[in-house]
Amino acid sequence: MAKNTNYKLMMEIAGKVDGSFNSAVGGAGGKVGKLQGIVKKFAGYTAAAFAAKKVVEFGVESVKAAMKFEDSMSDVAKVVDGLKTATGKNTDEFYKMGDAIQKLSLKIPMTSNDIANIVASAGQAGIARKDLMKFAEDAAKMGIAFDTTAEQAGDWMAQWRTSMGLSQTQVENLADQVNYLGNTSSEKATKIAQVVSDIGSLGKMAGLTGGQVAALGAATTGIDASTSGTGIKAMITAMTAGSSATAKQQGVLKKLGLTSKGVAQNMQKDAEGTIVTLLKRINQLPKAEQAAAIKNYFGKQSLQVVAKLAGKEGLANLQKQFESAGSAAKYSGSMQKEFEARSSTTSHYLQLLNNSLDYIKVTIGSAFLPYIAKAAKLMASGLSSIGGGLKKTKPYFSALGKVALPVFKAIGSIGKSVWKELKPIGSSAMTMIRKMMPVIKALGTAFMFFGRILGGVVYQRVKSAMTNIFGVISGLIRSAMKVIGGICDFLTGVFTGNWRKAWQGLVDIVKGIFGGLAAVLKAPINAVIGTVNGLIGGINGIKFNIAGHKFGGTHIPTIPLLAKGGIVTSPTLAMIGEAGPEAVTPLGKGGGLGATITFAPNITISGNADRKDIESAMSISFEEFKRLMDKYEKGKKRVSFA
């Protein structure tokens, strides 16, 4: 119940202090409401402007994306028939292929521009238009499955098609074989694919399939693609020599129980079996004779590769790779599975997302390209016309220059003549000025004399004004803080029942108000003192020399402001009390005050008393002591200096 009473008391006090309290609050609320409305409108305009900016940016990006894809499709149209008319306009097939390329980018994590580059490479390799999209899709999948670029995969596929006369289905089948061998052997698919590209055509002439060539590449363990290709090429060349075999080659084959014609014929019938048979018989030779047999029959360049294949472990590995390449059940669909496994990554899904966004941009931007092209064409034509017009006016500018040149020369001559006439006058003027220098110096000294005084006054006025302004502001702030603190103490005392604290709060409120008034009233007085001090400072700073005698340098004392007190040791004019009550009292011989005051209360408590009662009694005693001291101080008179 006491708390409710306190709340009621607080509201009554607030109402008495300011009768317009409720109306002021209501007015403020109305202004806040208006401000909220303005903020909402501003936020709406800002959001609309931001949205418009983003729409424009998206439009620009769309046009750029469409232009880039248009350039890529132009490269395709250069090498693929039927995409351009005789006059250079795009045909329906051009737009159909462009749309097919973009839709393929929605399935394969590769940009439409990269896919268009693959199509352009395939078209340049002579691949029919009907197979181009299938080729591009397989090349893209092969690039991801083999962990290489789509361009590289496309080049390999194009070489396989042309060098071995394969269809796109057969190329896809060979890619499955290469991928499977890369997964099951120690060699990478990229190395095996490169070996097939290097010697695929020779292998086909010798009776080998693309898969068998790939198996030979996979069996050359630890040997790079270039060295493997060179060794296998030498081996195939020797085995297909037939009647053109050298005497050394025929001698080696005779020792192995074979003939050059028989080997060449068997390569066409069963190349895989013929190679294995020949390597087995080399392996059966004495160790000391094997290297010589390889060198004499296959040549020095094939020694490293054939030695690897003819060894016991190498021969077993070769047979294993031949078996893997010949088993459709094992390798079929290998590249597609590898592609799906490698494509199931976050980065690839993000690429598909970007491709979808790019598809939208190109679609939107393509609608603007014809108009942009026409506008650019018109602007180029206009600028060309302007350039042509300027070129026609060139003779007129030349003629104008020829006329203007004599005019400028005449002006220069006139200027020289005028300067020639004025130069003596200038010299006479300078002589006169030098003669008047003593008078000018004397006048300068006089101006400096008065300038010093006025400068000091102005400086001191500015300084005093700034000091007074900041003094008033700081005084008002301190007073406001005093008032706010008093209000807080008052309210706290009322709510908690501490009426002493509430009373002290009211006292602080009054002190704060009068302190603020004092800070405002003392400003004019300090300004006058500051002006006088500025004048004194200006006079003290004057120093000049007349006829070898120095004058000035006086030391007139200024009027100090003892706002924070100070020690005065001689008769002095001073401004005191400007910062509030200030005590002026003579110091004793030791430099201290002439009196000592001791507060020692004597409190008697009868009966049972707790610590709270004792502290309360001490507080009352000290408050009474302060009241008496205030009364004593008010009764004293200020002691002036004699």
# chains A, B, ... in the order shown; residues from 1 in each chain; ligands from 1

call {"tool": "residues_around", "arguments": {"residues": "stretch 190-195 of chain A", "least_positions_apart": "2", "cutoff": "7 Å", "atoms": "only C-alpha atoms", "output": "compact mmCIF listing (two decimals) with C-alpha atoms, in the first residue's frame"}}
result
# COMPACT_ATOMS: atom_id res chain seq x y z
CA PHE A 146 38.83 -38.37 -66.87
CA VAL A 178 39.81 -46.22 -71.46
CA GLU A 187 47.88 -45.84 -65.03
CA LYS A 188 45.58 -42.83 -65.35
CA SER A 197 45.35 -40.70 -79.79
CA ASP A 198 49.05 -41.00 -80.72
CA ILE A 199 49.04 -44.50 -82.27
CA ALA A 214 44.43 -48.75 -74.81
CA GLY A 217 49.06 -48.19 -72.89
CA ALA A 218 47.67 -49.38 -69.56
CA ALA A 225 52.47 -41.36 -72.38
CA GLY A 229 53.49 -44.31 -77.46

call {"tool": "closest_residue", "arguments": {"among": "A:Leu278, A:Ala189, A:Leu285, A:Ile232", "to": "A:Leu303", "atoms": "only C-alpha atoms"}}
result
A:Ile232

call {"tool": "closest_residue", "arguments": {"among": "A:Gly505, A:Gly251, A:Gly365, A:Gly165", "to": "A:Ala65", "atoms": "only C-alpha atoms"}}
result
A:Gly365

call {"tool": "residues_around", "arguments": {"residues": "A:Val60", "least_positions_apart": "5", "cutoff": "12 Å", "atoms": "only C-alpha atoms", "output": "PyMOL selection string"}}
result
chain A and resi 53-55+65-67+361-362+364-366+368-369+372

call {"tool": "select_by_dssp", "arguments": {"residues": "stretch 42-156 of chain A", "states": "alpha helix (DSSP H)", "output": "PyMOL selection string"}}
result
chain A and resi 42-79+92-105+112-124+129-145+150-156

call {"tool": "atom_distance", "arguments": {"atom1": "atom CA of A:Met142", "atom2": "atom CA of A:Ser112"}}
result
16.4 Å

call {"tool": "atom_distance", "arguments": {"atom1": "atom CA of A:Lys64", "atom2": "atom CA of A:Tyr371"}}
result
14.0 Å

call {"tool": "residues_around", "arguments": {"residues": "stretch 161-164 of chain A", "least_positions_apart": "6", "cutoff": "8 Å", "atoms": "only C-alpha atoms", "output": "MDAnalysis selection string"}}
result
chainID A and resid 125 171 200:201 204 210

call {"tool": "closest_residue", "arguments": {"among": "A:Thr227, A:Ala292, A:Gln284, A:Ser74", "to": "A:Gly88", "atoms": "only C-alpha atoms"}}
result
A:Ser74

call {"tool": "atom_distance", "arguments": {"atom1": "atom CA of A:Gly311", "atom2": "atom CA of A:Ile282"}}
result
8.8 Å

call {"tool": "decode", "arguments": {"residues": "stretch 310-329 of chain A", "atoms": "N, CA, C and O atoms", "output": "compact mmCIF listing (two decimals), in the first residue's frame"}}
result
# COMPACT_ATOMS: atom_id res chain seq x y z
N ALA A 310 57.66 -57.68 -71.90
CA ALA A 310 58.14 -59.06 -72.10
C ALA A 310 58.52 -59.74 -70.80
O ALA A 310 58.67 -60.98 -70.76
N GLY A 311 58.69 -58.98 -69.73
CA GLY A 311 59.01 -59.60 -68.44
C GLY A 311 57.86 -60.44 -67.93
O GLY A 311 56.72 -60.32 -68.41
N LYS A 312 58.15 -61.28 -66.95
CA LYS A 312 57.13 -62.20 -66.45
C LYS A 312 55.92 -61.44 -65.90
O LYS A 312 54.77 -61.74 -66.24
N GLU A 313 56.18 -60.46 -65.03
CA GLU A 313 55.09 -59.69 -64.43
C GLU A 313 54.43 -58.79 -65.47
O GLU A 313 53.19 -58.63 -65.48
N GLY A 314 55.24 -58.21 -66.34
CA GLY A 314 54.70 -57.33 -67.37
C GLY A 314 53.81 -58.07 -68.35
O GLY A 314 52.77 -57.54 -68.78
N LEU A 315 54.18 -59.28 -68.71
CA LEU A 315 53.38 -60.07 -69.63
C LEU A 315 52.05 -60.45 -69.00
O LEU A 315 50.99 -60.40 -69.66
N ALA A 316 52.08 -60.80 -67.72
CA ALA A 316 50.84 -61.14 -67.02
C ALA A 316 49.92 -59.91 -66.94
O ALA A 316 48.69 -60.01 -67.11
N ASN A 317 50.53 -58.76 -66.70
CA ASN A 317 49.74 -57.51 -66.63
C ASN A 317 49.13 -57.17 -67.99
O ASN A 317 47.97 -56.75 -68.08
N LEU A 318 49.91 -57.40 -69.06
CA LEU A 318 49.40 -57.11 -70.40
C LEU A 318 48.20 -57.99 -70.73
O LEU A 318 47.18 -57.52 -71.27
N GLN A 319 48.30 -59.27 -70.39
CA GLN A 319 47.18 -60.18 -70.65
C GLN A 319 45.93 -59.76 -69.85
O GLN A 319 44.80 -59.86 -70.35
N LYS A 320 46.16 -59.28 -68.63
CA LYS A 320 45.03 -58.82 -67.80
C LYS A 320 44.36 -57.60 -68.44
O LYS A 320 43.12 -57.50 -68.47
N GLN A 321 45.15 -56.67 -68.96
CA GLN A 321 44.59 -55.46 -69.57
C GLN A 321 43.86 -55.79 -70.87
O GLN A 321 42.80 -55.22 -71.16
N PHE A 322 44.41 -56.74 -71.64
CA PHE A 322 43.72 -57.18 -72.86
C PHE A 322 42.36 -57.77 -72.51
O PHE A 322 41.35 -57.54 -73.20
N GLU A 323 42.33 -58.55 -71.44
CA GLU A 323 41.08 -59.19 -71.02
C GLU A 323 40.06 -58.13 -70.58
O GLU A 323 38.86 -58.23 -70.91
N SER A 324 40.52 -57.12 -69.82
CA SER A 324 39.61 -56.06 -69.35
C SER A 324 39.04 -55.26 -70.52
O SER A 324 37.85 -54.94 -70.57
N ALA A 325 39.90 -54.95 -71.50
CA ALA A 325 39.45 -54.17 -72.65
C ALA A 325 38.52 -54.96 -73.55
O ALA A 325 37.74 -54.38 -74.31
N GLY A 326 38.57 -56.27 -73.46
CA GLY A 326 37.73 -57.10 -74.32
C GLY A 326 36.45 -57.55 -73.68
O GLY A 326 35.64 -58.22 -74.31
N SER A 327 36.22 -57.18 -72.42
CA SER A 327 35.01 -57.62 -71.71
C SER A 327 34.01 -56.46 -71.64
O SER A 327 34.12 -55.56 -70.79
N ALA A 328 33.03 -56.48 -72.54
CA ALA A 328 32.02 -55.42 -72.56
C ALA A 328 31.22 -55.38 -71.26
O ALA A 328 30.76 -54.31 -70.82
N ALA A 329 31.05 -56.53 -70.63
CA ALA A 329 30.29 -56.58 -69.38
C ALA A 329 30.97 -55.77 -68.28
O ALA A 329 30.32 -55.26 -67.37
